[in-house]
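Peer 1: Quick one, final_2.pdb (PDB, C-alpha atoms):
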ATOM      1  CA  MET M   1     135.895 -62.216 281.377  1.00  0.00           C
ATOM      2  CA  HIS M   2     139.117 -63.356 279.718  1.00  0.00           C
ATOM      3  CA  PRO M   3     142.246 -61.673 281.156  1.00  0.00           C
ATOM      4  CA  ILE M   4     143.356 -60.360 277.743  1.00  0.00           C
ATOM      5  CA  VAL M   5     139.937 -58.797 277.120  1.00  0.00           C
ATOM      6  CA  ARG M   6     140.090 -57.137 280.533  1.00  0.00           C
ATOM      7  CA  LEU M   7     143.539 -55.718 279.744  1.00  0.00           C
ATOM      8  CA  VAL M   8     142.409 -54.449 276.341  1.00  0.00           C
ATOM      9  CA  ILE M   9     139.400 -52.715 277.916  1.00  0.00           C
ATOM     10  CA  ARG M  10     141.686 -51.215 280.559  1.00  0.00           C
ATOM     11  CA  ASN M  11     144.168 -50.012 277.910  1.00  0.00           C
ATOM     12  CA  LEU M  12     141.455 -48.479 275.746  1.00  0.00           C
ATOM     13  CA  THR M  13     139.855 -46.812 278.768  1.00  0.00           C
ATOM     14  CA  ILE M  14     143.052 -45.043 279.790  1.00  0.00           C
ATOM     15  CA  SER M  15     144.150 -44.300 276.211  1.00  0.00           C
ATOM     16  CA  ILE M  16     141.058 -43.314 274.281  1.00  0.00           C
ATOM     17  CA  ASN M  17     139.217 -40.313 275.625  1.00  0.00           C
ATOM     18  CA  PRO M  18     137.556 -37.262 274.053  1.00  0.00           C
ATOM     19  CA  GLY M  19     140.805 -35.289 274.245  1.00  0.00           C
ATOM     20  CA  TYR M  20     142.779 -38.055 272.539  1.00  0.00           C
ATOM     21  CA  LEU M  21     140.214 -38.524 269.777  1.00  0.00           C
ATOM     22  CA  LEU M  22     140.046 -34.773 269.246  1.00  0.00           C
ATOM     23  CA  TRP M  23     143.828 -34.602 268.931  1.00  0.00           C
ATOM     24  CA  GLN M  24     143.861 -37.544 266.511  1.00  0.00           C
ATOM     25  CA  VAL M  25     141.543 -35.574 264.221  1.00  0.00           C
ATOM     26  CA  ILE M  26     142.584 -31.936 264.809  1.00  0.00           C
ATOM     27  CA  PHE M  27     146.318 -32.571 264.405  1.00  0.00           C
ATOM     28  CA  PRO M  28     145.955 -34.172 260.928  1.00  0.00           C
ATOM     29  CA  LEU M  29     143.397 -31.519 259.972  1.00  0.00           C
ATOM     30  CA  ILE M  30     146.001 -28.814 260.565  1.00  0.00           C
ATOM     31  CA  TYR M  31     148.378 -30.575 258.200  1.00  0.00           C
ATOM     32  CA  ILE M  32     145.775 -31.442 255.581  1.00  0.00           C
ATOM     33  CA  PHE M  33     143.842 -28.194 255.355  1.00  0.00           C
ATOM     34  CA  VAL M  34     146.518 -25.673 256.377  1.00  0.00           C
ATOM     35  CA  ALA M  35     149.809 -27.089 255.077  1.00  0.00           C
ATOM     36  CA  GLY M  36     148.106 -28.888 252.189  1.00  0.00           C
ATOM     37  CA  PHE M  37     146.454 -25.814 250.702  1.00  0.00           C
ATOM     38  CA  ALA M  38     149.309 -23.478 251.691  1.00  0.00           C
ATOM     39  CA  TYR M  39     151.853 -25.576 249.811  1.00  0.00           C
ATOM     40  CA  SER M  40     149.499 -25.802 246.829  1.00  0.00           C
ATOM     41  CA  ALA M  41     150.734 -22.311 245.947  1.00  0.00           C
ATOM     42  CA  LEU M  42     154.187 -23.845 245.418  1.00  0.00           C
ATOM     43  CA  ILE M  43     153.216 -27.337 244.228  1.00  0.00           C
ATOM     44  CA  ASP M  44     150.829 -27.419 241.270  1.00  0.00           C
ATOM     45  CA  PHE M  45     150.576 -31.207 241.159  1.00  0.00           C
ATOM     46  CA  VAL M  46     152.298 -34.355 242.383  1.00  0.00           C
ATOM     47  CA  PRO M  47     153.143 -37.102 239.879  1.00  0.00           C
ATOM     48  CA  PHE M  48     151.614 -40.358 241.053  1.00  0.00           C
ATOM     49  CA  GLY M  49     151.451 -43.565 239.049  1.00  0.00           C
ATOM     50  CA  ASN M  50     150.436 -42.739 235.495  1.00  0.00           C
ATOM     51  CA  SER M  51     148.693 -39.497 236.406  1.00  0.00           C
ATOM     52  CA  ASN M  52     148.967 -36.392 238.551  1.00  0.00           C
ATOM     53  CA  MET M  53     147.065 -35.328 241.656  1.00  0.00           C
ATOM     54  CA  ASN M  54     146.865 -32.122 243.613  1.00  0.00           C
ATOM     55  CA  TYR M  55     148.972 -31.775 246.730  1.00  0.00           C
ATOM     56  CA  PRO M  56     146.089 -31.727 249.280  1.00  0.00           C
ATOM     57  CA  ALA M  57     144.917 -35.119 247.960  1.00  0.00           C
ATOM     58  CA  TYR M  58     148.454 -36.507 248.139  1.00  0.00           C
ATOM     59  CA  LEU M  59     148.947 -35.195 251.660  1.00  0.00           C
ATOM     60  CA  ALA M  60     145.524 -36.324 252.926  1.00  0.00           C
ATOM     61  CA  SER M  61     146.189 -39.910 251.824  1.00  0.00           C
ATOM     62  CA  GLY M  62     149.666 -39.791 253.397  1.00  0.00           C
ATOM     63  CA  MET M  63     148.226 -38.597 256.697  1.00  0.00           C
ATOM     64  CA  ILE M  64     146.346 -41.892 257.040  1.00  0.00           C
ATOM     65  CA  GLY M  65     149.647 -43.739 257.441  1.00  0.00           C
ATOM     66  CA  PHE M  66     151.091 -40.942 259.562  1.00  0.00           C
ATOM     67  CA  ASN M  67     148.147 -41.110 261.954  1.00  0.00           C
ATOM     68  CA  ILE M  68     148.364 -44.912 262.237  1.00  0.00           C
ATOM     69  CA  MET M  69     151.999 -44.518 263.250  1.00  0.00           C
ATOM     70  CA  ASN M  70     151.280 -41.612 265.585  1.00  0.00           C
ATOM     71  CA  SER M  71     148.464 -43.469 267.348  1.00  0.00           C
ATOM     72  CA  THR M  72     150.731 -46.407 268.220  1.00  0.00           C
ATOM     73  CA  LEU M  73     152.673 -44.195 270.616  1.00  0.00           C
ATOM     74  CA  VAL M  74     149.908 -45.363 272.950  1.00  0.00           C
ATOM     75  CA  SER M  75     151.689 -48.702 273.333  1.00  0.00           C
ATOM     76  CA  GLY M  76     154.967 -47.187 274.485  1.00  0.00           C
ATOM     77  CA  ILE M  77     153.229 -44.702 276.772  1.00  0.00           C
ATOM     78  CA  ILE M  78     151.143 -47.445 278.440  1.00  0.00           C
ATOM     79  CA  ILE M  79     154.216 -49.580 279.137  1.00  0.00           C
ATOM     80  CA  TRP M  80     156.236 -46.590 280.319  1.00  0.00           C
ATOM     81  CA  ASN M  81     153.517 -45.381 282.692  1.00  0.00           C
ATOM     82  CA  ASP M  82     152.913 -48.911 284.007  1.00  0.00           C
ATOM     83  CA  ARG M  83     156.609 -49.258 284.859  1.00  0.00           C
ATOM     84  CA  ARG M  84     156.918 -45.767 286.286  1.00  0.00           C
ATOM     85  CA  HIS M  85     153.885 -46.019 288.589  1.00  0.00           C
ATOM     86  CA  GLY M  86     154.327 -49.661 289.617  1.00  0.00           C
ATOM     87  CA  MET M  87     151.256 -50.822 287.687  1.00  0.00           C
ATOM     88  CA  PHE M  88     153.212 -53.466 285.774  1.00  0.00           C
ATOM     89  CA  GLU M  89     154.011 -55.292 289.001  1.00  0.00           C
ATOM     90  CA  GLN M  90     150.425 -54.988 290.245  1.00  0.00           C
ATOM     91  CA  ILE M  91     149.064 -56.428 286.995  1.00  0.00           C
ATOM     92  CA  LEU M  92     151.349 -59.460 287.228  1.00  0.00           C
ATOM     93  CA  VAL M  93     150.364 -60.008 290.857  1.00  0.00           C
ATOM     94  CA  GLY M  94     146.759 -60.294 289.695  1.00  0.00           C
ATOM     95  CA  PRO M  95     145.311 -62.996 287.419  1.00  0.00           C
ATOM     96  CA  PHE M  96     147.440 -61.867 284.474  1.00  0.00           C
ATOM     97  CA  THR M  97     150.586 -63.252 282.880  1.00  0.00           C
ATOM     98  CA  ARG M  98     153.266 -61.476 280.883  1.00  0.00           C
ATOM     99  CA  SER M  99     151.793 -63.091 277.764  1.00  0.00           C
ATOM    100  CA  ASN M 100     148.380 -61.617 278.630  1.00  0.00           C
ATOM    101  CA  TYR M 101     149.998 -58.200 279.062  1.00  0.00           C
ATOM    102  CA  ILE M 102     151.843 -58.381 275.727  1.00  0.00           C
ATOM    103  CA  LEU M 103     148.813 -59.617 273.761  1.00  0.00           C
ATOM    104  CA  GLY M 104     146.632 -57.015 275.453  1.00  0.00           C
ATOM    105  CA  ASN M 105     148.956 -54.280 274.192  1.00  0.00           C
ATOM    106  CA  ILE M 106     149.075 -55.733 270.674  1.00  0.00           C
ATOM    107  CA  TYR M 107     145.281 -55.945 270.421  1.00  0.00           C
ATOM    108  CA  THR M 108     145.033 -52.416 271.808  1.00  0.00           C
ATOM    109  CA  ILE M 109     147.313 -50.843 269.218  1.00  0.00           C
ATOM    110  CA  GLY M 110     145.559 -52.819 266.459  1.00  0.00           C
ATOM    111  CA  ILE M 111     142.192 -51.411 267.517  1.00  0.00           C
ATOM    112  CA  VAL M 112     143.581 -47.892 267.953  1.00  0.00           C
ATOM    113  CA  GLY M 113     145.245 -48.102 264.533  1.00  0.00           C
ATOM    114  CA  LEU M 114     141.991 -49.099 262.842  1.00  0.00           C
ATOM    115  CA  ILE M 115     140.089 -46.312 264.606  1.00  0.00           C
ATOM    116  CA  SER M 116     142.770 -43.783 263.653  1.00  0.00           C
ATOM    117  CA  ALA M 117     142.829 -44.872 260.001  1.00  0.00           C
ATOM    118  CA  THR M 118     139.036 -44.733 259.783  1.00  0.00           C
ATOM    119  CA  LEU M 119     138.911 -41.200 261.218  1.00  0.00           C
ATOM    120  CA  ILE M 120     141.442 -39.837 258.736  1.00  0.00           C
ATOM    121  CA  VAL M 121     139.819 -41.608 255.768  1.00  0.00           C
ATOM    122  CA  LEU M 122     136.534 -39.920 256.673  1.00  0.00           C
ATOM    123  CA  VAL M 123     138.198 -36.536 257.177  1.00  0.00           C
ATOM    124  CA  GLY M 124     140.404 -36.679 254.079  1.00  0.00           C
ATOM    125  CA  TYR M 125     137.942 -38.320 251.676  1.00  0.00           C
ATOM    126  CA  PRO M 126     136.487 -35.022 250.382  1.00  0.00           C
ATOM    127  CA  LEU M 127     139.985 -34.023 249.242  1.00  0.00           C
ATOM    128  CA  PHE M 128     141.010 -37.161 247.367  1.00  0.00           C
ATOM    129  CA  PHE M 129     137.635 -38.596 246.311  1.00  0.00           C
ATOM    130  CA  GLU M 130     138.056 -37.494 242.666  1.00  0.00           C
ATOM    131  CA  PHE M 131     141.233 -39.588 242.409  1.00  0.00           C
ATOM    132  CA  VAL M 132     139.865 -42.649 244.211  1.00  0.00           C
ATOM    133  CA  GLU M 133     139.716 -45.943 242.329  1.00  0.00           C
ATOM    134  CA  PHE M 134     138.207 -48.453 244.722  1.00  0.00           C
ATOM    135  CA  ASN M 135     138.297 -52.152 243.836  1.00  0.00           C
ATOM    136  CA  ILE M 136     138.019 -55.488 245.614  1.00  0.00           C
ATOM    137  CA  PHE M 137     141.513 -55.045 247.063  1.00  0.00           C
ATOM    138  CA  THR M 138     140.920 -51.615 248.594  1.00  0.00           C
ATOM    139  CA  ILE M 139     139.384 -52.563 251.965  1.00  0.00           C
ATOM    140  CA  PRO M 140     141.668 -55.604 252.558  1.00  0.00           C
ATOM    141  CA  ILE M 141     144.739 -53.478 251.763  1.00  0.00           C
ATOM    142  CA  LEU M 142     143.643 -50.682 254.117  1.00  0.00           C
ATOM    143  CA  VAL M 143     142.899 -53.150 256.925  1.00  0.00           C
ATOM    144  CA  PHE M 144     146.242 -54.862 256.284  1.00  0.00           C
ATOM    145  CA  ALA M 145     148.053 -51.509 256.467  1.00  0.00           C
ATOM    146  CA  ALA M 146     146.275 -50.461 259.666  1.00  0.00           C
ATOM    147  CA  VAL M 147     146.929 -53.740 261.493  1.00  0.00           C
ATOM    148  CA  VAL M 148     150.491 -54.439 260.305  1.00  0.00           C
ATOM    149  CA  GLY M 149     151.475 -50.772 260.648  1.00  0.00           C
ATOM    150  CA  SER M 150     150.090 -50.670 264.181  1.00  0.00           C
ATOM    151  CA  ILE M 151     151.986 -53.803 265.209  1.00  0.00           C
ATOM    152  CA  LEU M 152     155.201 -52.519 263.626  1.00  0.00           C
ATOM    153  CA  PHE M 153     155.250 -49.019 265.106  1.00  0.00           C
ATOM    154  CA  GLY M 154     153.629 -50.161 268.354  1.00  0.00           C
ATOM    155  CA  SER M 155     156.432 -52.704 268.773  1.00  0.00           C
ATOM    156  CA  ILE M 156     159.043 -50.011 268.108  1.00  0.00           C
ATOM    157  CA  ALA M 157     157.426 -47.776 270.748  1.00  0.00           C
ATOM    158  CA  SER M 158     157.363 -50.742 273.150  1.00  0.00           C
ATOM    159  CA  ILE M 159     161.057 -51.465 272.554  1.00  0.00           C
ATOM    160  CA  ILE M 160     161.970 -47.861 273.334  1.00  0.00           C
ATOM    161  CA  SER M 161     159.825 -47.831 276.481  1.00  0.00           C
ATOM    162  CA  THR M 162     161.491 -50.985 277.853  1.00  0.00           C
ATOM    163  CA  ARG M 163     165.046 -49.778 277.289  1.00  0.00           C
ATOM    164  CA  LEU M 164     164.882 -46.320 278.844  1.00  0.00           C
ATOM    165  CA  LYS M 165     164.585 -45.486 282.525  1.00  0.00           C
ATOM    166  CA  SER M 166     164.307 -41.696 282.638  1.00  0.00           C
ATOM    167  CA  SER M 167     161.224 -39.812 281.505  1.00  0.00           C
ATOM    168  CA  GLU M 168     163.400 -37.216 279.775  1.00  0.00           C
ATOM    169  CA  GLY M 169     165.251 -39.886 277.803  1.00  0.00           C
ATOM    170  CA  PHE M 170     162.006 -41.629 276.885  1.00  0.00           C
ATOM    171  CA  ASN M 171     160.380 -38.429 275.588  1.00  0.00           C
ATOM    172  CA  VAL M 172     163.463 -37.295 273.666  1.00  0.00           C
ATOM    173  CA  ILE M 173     164.175 -40.650 271.997  1.00  0.00           C
ATOM    174  CA  ILE M 174     160.615 -41.601 271.087  1.00  0.00           C
ATOM    175  CA  ASN M 175     159.805 -38.141 269.700  1.00  0.00           C
ATOM    176  CA  THR M 176     163.065 -38.016 267.732  1.00  0.00           C
ATOM    177  CA  VAL M 177     162.551 -41.476 266.230  1.00  0.00           C
ATOM    178  CA  PHE M 178     158.941 -40.838 265.253  1.00  0.00           C
ATOM    179  CA  LEU M 179     159.819 -37.375 263.914  1.00  0.00           C
ATOM    180  CA  PHE M 180     162.368 -39.030 261.623  1.00  0.00           C
ATOM    181  CA  PHE M 181     159.774 -41.573 260.525  1.00  0.00           C
ATOM    182  CA  ALA M 182     157.277 -38.795 259.787  1.00  0.00           C
ATOM    183  CA  PHE M 183     159.373 -36.440 257.684  1.00  0.00           C
ATOM    184  CA  VAL M 184     161.829 -38.806 255.993  1.00  0.00           C
ATOM    185  CA  SER M 185     159.038 -40.642 254.207  1.00  0.00           C
ATOM    186  CA  THR M 186     156.582 -40.301 251.344  1.00  0.00           C
ATOM    187  CA  ALA M 187     153.828 -39.185 253.710  1.00  0.00           C
ATOM    188  CA  PHE M 188     154.448 -35.509 252.916  1.00  0.00           C
ATOM    189  CA  TYR M 189     156.259 -35.540 249.568  1.00  0.00           C
ATOM    190  CA  PRO M 190     157.133 -38.047 246.829  1.00  0.00           C
ATOM    191  CA  VAL M 191     160.558 -39.658 246.645  1.00  0.00           C
ATOM    192  CA  ALA M 192     160.914 -38.695 242.962  1.00  0.00           C
ATOM    193  CA  GLY M 193     163.431 -35.876 242.655  1.00  0.00           C
ATOM    194  CA  VAL M 194     164.709 -36.195 246.230  1.00  0.00           C
ATOM    195  CA  PRO M 195     168.546 -36.105 246.207  1.00  0.00           C
ATOM    196  CA  GLU M 196     170.763 -38.843 247.582  1.00  0.00           C
ATOM    197  CA  PRO M 197     171.328 -39.938 250.296  1.00  0.00           C
ATOM    198  CA  LEU M 198     167.911 -38.677 251.400  1.00  0.00           C
ATOM    199  CA  SER M 199     166.034 -40.777 248.839  1.00  0.00           C
ATOM    200  CA  THR M 200     167.782 -43.894 250.158  1.00  0.00           C
ATOM    201  CA  ALA M 201     166.791 -42.942 253.707  1.00  0.00           C
ATOM    202  CA  PHE M 202     163.168 -42.829 252.526  1.00  0.00           C
ATOM    203  CA  TYR M 203     163.289 -46.557 251.802  1.00  0.00           C
ATOM    204  CA  LEU M 204     164.988 -47.345 255.092  1.00  0.00           C
ATOM    205  CA  ASN M 205     161.892 -45.885 256.731  1.00  0.00           C
ATOM    206  CA  PRO M 206     158.936 -48.251 257.336  1.00  0.00           C
ATOM    207  CA  LEU M 207     156.448 -45.374 257.126  1.00  0.00           C
ATOM    208  CA  THR M 208     157.288 -44.997 253.424  1.00  0.00           C
ATOM    209  CA  TYR M 209     156.171 -48.576 252.793  1.00  0.00           C
ATOM    210  CA  LEU M 210     153.044 -48.121 254.896  1.00  0.00           C
ATOM    211  CA  VAL M 211     151.995 -44.929 253.091  1.00  0.00           C
ATOM    212  CA  ASP M 212     152.730 -46.423 249.656  1.00  0.00           C
ATOM    213  CA  VAL M 213     150.543 -49.436 250.438  1.00  0.00           C
ATOM    214  CA  ILE M 214     147.682 -47.222 251.659  1.00  0.00           C
ATOM    215  CA  ARG M 215     147.841 -45.063 248.527  1.00  0.00           C
ATOM    216  CA  ALA M 216     147.877 -48.200 246.355  1.00  0.00           C
ATOM    217  CA  GLY M 217     144.640 -49.306 248.031  1.00  0.00           C
ATOM    218  CA  ILE M 218     142.924 -45.940 247.699  1.00  0.00           C
ATOM    219  CA  PHE M 219     144.058 -44.973 244.204  1.00  0.00           C
ATOM    220  CA  GLY M 220     144.094 -48.437 242.632  1.00  0.00           C
ATOM    221  CA  THR M 221     147.835 -48.536 241.845  1.00  0.00           C
ATOM    222  CA  PHE M 222     148.537 -52.003 243.225  1.00  0.00           C
ATOM    223  CA  ASN M 223     151.488 -53.653 241.466  1.00  0.00           C
ATOM    224  CA  ASN M 224     154.443 -55.956 242.105  1.00  0.00           C
ATOM    225  CA  PHE M 225     156.432 -53.187 243.787  1.00  0.00           C
ATOM    226  CA  VAL M 226     153.595 -52.549 246.252  1.00  0.00           C
ATOM    227  CA  LEU M 227     153.383 -56.289 246.911  1.00  0.00           C
ATOM    228  CA  MET M 228     157.094 -56.225 247.736  1.00  0.00           C
ATOM    229  CA  GLU M 229     156.516 -53.292 250.096  1.00  0.00           C
ATOM    230  CA  MET M 230     153.755 -55.243 251.847  1.00  0.00           C
ATOM    231  CA  THR M 231     156.152 -58.162 252.291  1.00  0.00           C
ATOM    232  CA  VAL M 232     158.814 -55.851 253.744  1.00  0.00           C
ATOM    233  CA  LEU M 233     156.236 -54.402 256.147  1.00  0.00           C
ATOM    234  CA  VAL M 234     155.267 -57.868 257.383  1.00  0.00           C
ATOM    235  CA  VAL M 235     158.905 -58.873 257.890  1.00  0.00           C
ATOM    236  CA  MET M 236     159.734 -55.670 259.779  1.00  0.00           C
ATOM    237  CA  ALA M 237     156.582 -56.008 261.895  1.00  0.00           C
ATOM    238  CA  LEU M 238     157.432 -59.612 262.818  1.00  0.00           C
ATOM    239  CA  ILE M 239     161.034 -58.757 263.714  1.00  0.00           C
ATOM    240  CA  SER M 240     159.975 -55.739 265.816  1.00  0.00           C
ATOM    241  CA  PHE M 241     157.225 -57.737 267.500  1.00  0.00           C
ATOM    242  CA  VAL M 242     159.576 -60.605 268.423  1.00  0.00           C
ATOM    243  CA  ILE M 243     162.150 -58.177 269.855  1.00  0.00           C
ATOM    244  CA  ALA M 244     159.501 -56.246 271.814  1.00  0.00           C
ATOM    245  CA  THR M 245     158.017 -59.480 273.158  1.00  0.00           C
ATOM    246  CA  LYS M 246     161.384 -60.802 274.346  1.00  0.00           C
ATOM    247  CA  LEU M 247     162.211 -57.507 276.047  1.00  0.00           C
ATOM    248  CA  LEU M 248     158.837 -57.441 277.793  1.00  0.00           C
ATOM    249  CA  THR M 249     159.157 -61.039 278.982  1.00  0.00           C
ATOM    250  CA  LYS M 250     162.552 -60.192 280.510  1.00  0.00           C
ATOM    251  CA  LEU M 251     161.424 -56.900 282.014  1.00  0.00           C
ATOM    252  CA  ASP M 252     162.421 -56.706 285.674  1.00  0.00           C
ATOM    253  CA  LEU M 253     159.745 -56.201 288.266  1.00  0.00           C
TER     254      LEU M 253
END
What does this structure look like when you write it as structure tokens?
Peer 2:
Amino acid sequence: MHPIVRLVIRNLTISINPGYLLWQVIFPLIYIFVAGFAYSALIDFVPFGNSNMNYPAYLASGMIGFNIMNSTLVSGIIIWNDRRHGMFEQILVGPFTRSNYILGNIYTIGIVGLISATLIVLVGYPLFFEFVEFNIFTIPILVFAAVVGSILFGSIASIISTRLKSSEGFNVIINTVFLFFAFVSTAFYPVAGVPEPLSTAFYLNPLTYLVDVIRAGIFGTFNNFVLMEMTVLVVMALISFVIATKLLTKLDL
């Protein structure tokens, strides 16, 4: 069996378990069905494109991007635990190279991202199905968002895990960064009407671009602005991936 395949299987085995899958579904469900319907008492509708949609539908579609981002924490946790418990050294002593290790992590977060996106689409579909406008671009756009988003946020998690040495620092920094990504984005509310400088911060946040692209695929609102957001996502993913790769190749044993 190819070394990269063996590492991917190992990563998936230690990362994906019934508890993890349950959390990946239950956590978004709390947001979608509790916060979504609770806030409906305050938010009658959300302007989107040339029409309006109810808040649960807006939130359910945003949670797809949120869950892709949240699932990529796996990458940082794997690297952190491997360093902490001496597994990184043991892997490199075996028939594996640093390149195998890096590619194994990238393939892992890509697979986890696709699984996560699929779960939330299935869970949230009953809420936004009346607004759905599927076309030939829908599936390619969703796959693009899942893969590129996974690489981007997985690389960010990897960068954090390689730079910090204490478990307390790792937990504080990674949770703070991902909390900022989650709530300073269009995942939970639209940017329209948000005051400055908060609205500017929305577009400094890669999750905003990811969520906008996902909604464009689901609701058929693909346009030049969305194409620009896809380009920005690719550029940010490539930059983050290159940085994460260089840091991992220089990681001390």
Peer 1: How many Å lie between atom CA of M:Ser199 and atom CA of M:Met69, rounded to one decimal?
Peer 2: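 Rounded to one decimal, the two atoms are 20.5 Å apart.
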Peer 1: Between M:Ile218, M:Val172, M:Val8, M:Met228, single out the one closest to M:Thr138, counting all atoms listed in the file.
Peer 2: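 Counting all atoms listed in the file, the residue closest to M:Thr138 is M:Ile218.
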Peer 1: Near M:Asn175, within 10 Å and counting all atoms listed in the file, which residues show up once chain neighbours fewer than 6 positions away are dropped, as a compact mmCIF listing (two decimals) with C-alpha atoms, in the frame of the given file?
Peer 2:
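New file around_26.txt:
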# COMPACT_ATOMS: atom_id res chain seq x y z
CA LEU M 73 152.67 -44.20 270.62
CA ALA M 157 157.43 -47.78 270.75
CA GLY M 169 165.25 -39.89 277.80
CA PHE M 181 159.77 -41.57 260.52
Peer 1: My list of candidates is M:Ser150, M:Ser158, M:Asn50, M:Ser185. Which is closest to M:Val112 when distances are computed with only C-alpha atoms?
Peer 2: M:Ser150
Peer 1: For M:Ile30, work out the shell of residues within 12 Å, counting only C-alpha atoms and skipping chain neighbours fewer than 6 positions away, then give it as a PyMOL selection string.
Peer 2: chain M and resi 23-24+36-38+56+59-60+63+123-124
Peer 1: For atom CA of M:Ser15 and atom CA of M:Leu114, determine how far apart the two atoms are, in Å to one decimal place.
Peer 2: 14.4 Å
Peer 1: For M:Leu233, list every protein, DNA or RNA residue within 12 Å, evaluated using only C-alpha atoms, and leave out those in the same chain fewer than 5 positions away; present the list as an NGL selection string.
Peer 2: :M and (144-153 or 203-213 or 226-228 or 238-241)
Peer 1: Select, from M:Tyr101, M:Ser167, M:Val5, M:Val184, the residue with the minimum atom-to-atom distance to M:Met87, counting all atoms listed in the file.
Peer 2: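 Under the stated criterion, the closest residue is M:Tyr101.
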Peer 1: From the options M:Phe188, M:Phe219, M:Tyr31, M:Tyr125, which residue's atoms come nearest to M:Phe48, counting only C-alpha atoms?
Peer 2: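 The shortest atom-to-atom distance to M:Phe48 comes from M:Phe219.
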Peer 1: For M:Arg215, which residue out of M:Gly62, M:Gly154, M:Pro140, M:Pro47 is the nearest one, using all atoms listed in the file?
Peer 2: M:Gly62
Peer 1: Put the listed atoms of stretch 200-217 of chain M in a box along x, y and z with 4 Å added on every side and give me the centre and edge lengths in Å to one decimal, as AutoDock Vina command-line options.
Peer 2:
--center_x 156.2 --center_y -46.1 --center_z 251.8 --size_x 31.1 --size_y 14.6 --size_z 19.0
Peer 1: N, CA, C and O atoms for stretch 67-78 of chain M, written as an mmCIF file, keeping the file's coordinate frame, could you do that?
Peer 2:
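Listing of out_23.cif after writing:
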data_model
loop_
_atom_site.group_PDB
_atom_site.id
_atom_site.type_symbol
_atom_site.label_atom_id
_atom_site.label_comp_id
_atom_site.auth_asym_id
_atom_site.auth_seq_id
_atom_site.Cartn_x
_atom_site.Cartn_y
_atom_site.Cartn_z
ATOM 1 N N ASN M 67 148.970 -41.036 260.752
ATOM 2 C CA ASN M 67 148.147 -41.110 261.954
ATOM 3 C C ASN M 67 148.146 -42.513 262.564
ATOM 4 O O ASN M 67 148.049 -42.663 263.783
ATOM 5 N N ILE M 68 148.230 -43.545 261.711
ATOM 6 C CA ILE M 68 148.364 -44.912 262.237
ATOM 7 C C ILE M 68 149.631 -45.008 263.070
ATOM 8 O O ILE M 68 149.622 -45.518 264.189
ATOM 9 N N MET M 69 150.741 -44.499 262.520
ATOM 10 C CA MET M 69 151.999 -44.518 263.250
ATOM 11 C C MET M 69 151.906 -43.701 264.539
ATOM 12 O O MET M 69 152.319 -44.150 265.607
ATOM 13 N N ASN M 70 151.356 -42.513 264.438
ATOM 14 C CA ASN M 70 151.280 -41.612 265.585
ATOM 15 C C ASN M 70 150.431 -42.202 266.707
ATOM 16 O O ASN M 70 150.738 -42.037 267.884
ATOM 17 N N SER M 71 149.367 -42.908 266.337
ATOM 18 C CA SER M 71 148.464 -43.469 267.348
ATOM 19 C C SER M 71 149.112 -44.602 268.133
ATOM 20 O O SER M 71 148.723 -44.881 269.267
ATOM 21 N N THR M 72 150.118 -45.264 267.532
ATOM 22 C CA THR M 72 150.731 -46.407 268.220
ATOM 23 C C THR M 72 151.685 -45.974 269.327
ATOM 24 O O THR M 72 152.209 -46.826 270.050
ATOM 25 N N LEU M 73 151.926 -44.679 269.457
ATOM 26 C CA LEU M 73 152.673 -44.195 270.616
ATOM 27 C C LEU M 73 151.983 -44.616 271.911
ATOM 28 O O LEU M 73 152.606 -44.688 272.967
ATOM 29 N N VAL M 74 150.684 -44.904 271.797
ATOM 30 C CA VAL M 74 149.908 -45.363 272.950
ATOM 31 C C VAL M 74 150.576 -46.559 273.611
ATOM 32 O O VAL M 74 150.650 -46.651 274.838
ATOM 33 N N SER M 75 151.076 -47.483 272.796
ATOM 34 C CA SER M 75 151.689 -48.702 273.333
ATOM 35 C C SER M 75 152.884 -48.382 274.221
ATOM 36 O O SER M 75 152.993 -48.866 275.346
ATOM 37 N N GLY M 76 153.799 -47.550 273.702
ATOM 38 C CA GLY M 76 154.967 -47.187 274.485
ATOM 39 C C GLY M 76 154.616 -46.410 275.737
ATOM 40 O O GLY M 76 155.203 -46.623 276.801
ATOM 41 N N ILE M 77 153.637 -45.518 275.620
ATOM 42 C CA ILE M 77 153.229 -44.702 276.772
ATOM 43 C C ILE M 77 152.598 -45.564 277.857
ATOM 44 O O ILE M 77 152.844 -45.371 279.054
ATOM 45 N N ILE M 78 151.765 -46.546 277.461
ATOM 46 C CA ILE M 78 151.143 -47.445 278.440
ATOM 47 C C ILE M 78 152.212 -48.207 279.212
ATOM 48 O O ILE M 78 152.194 -48.275 280.446
#
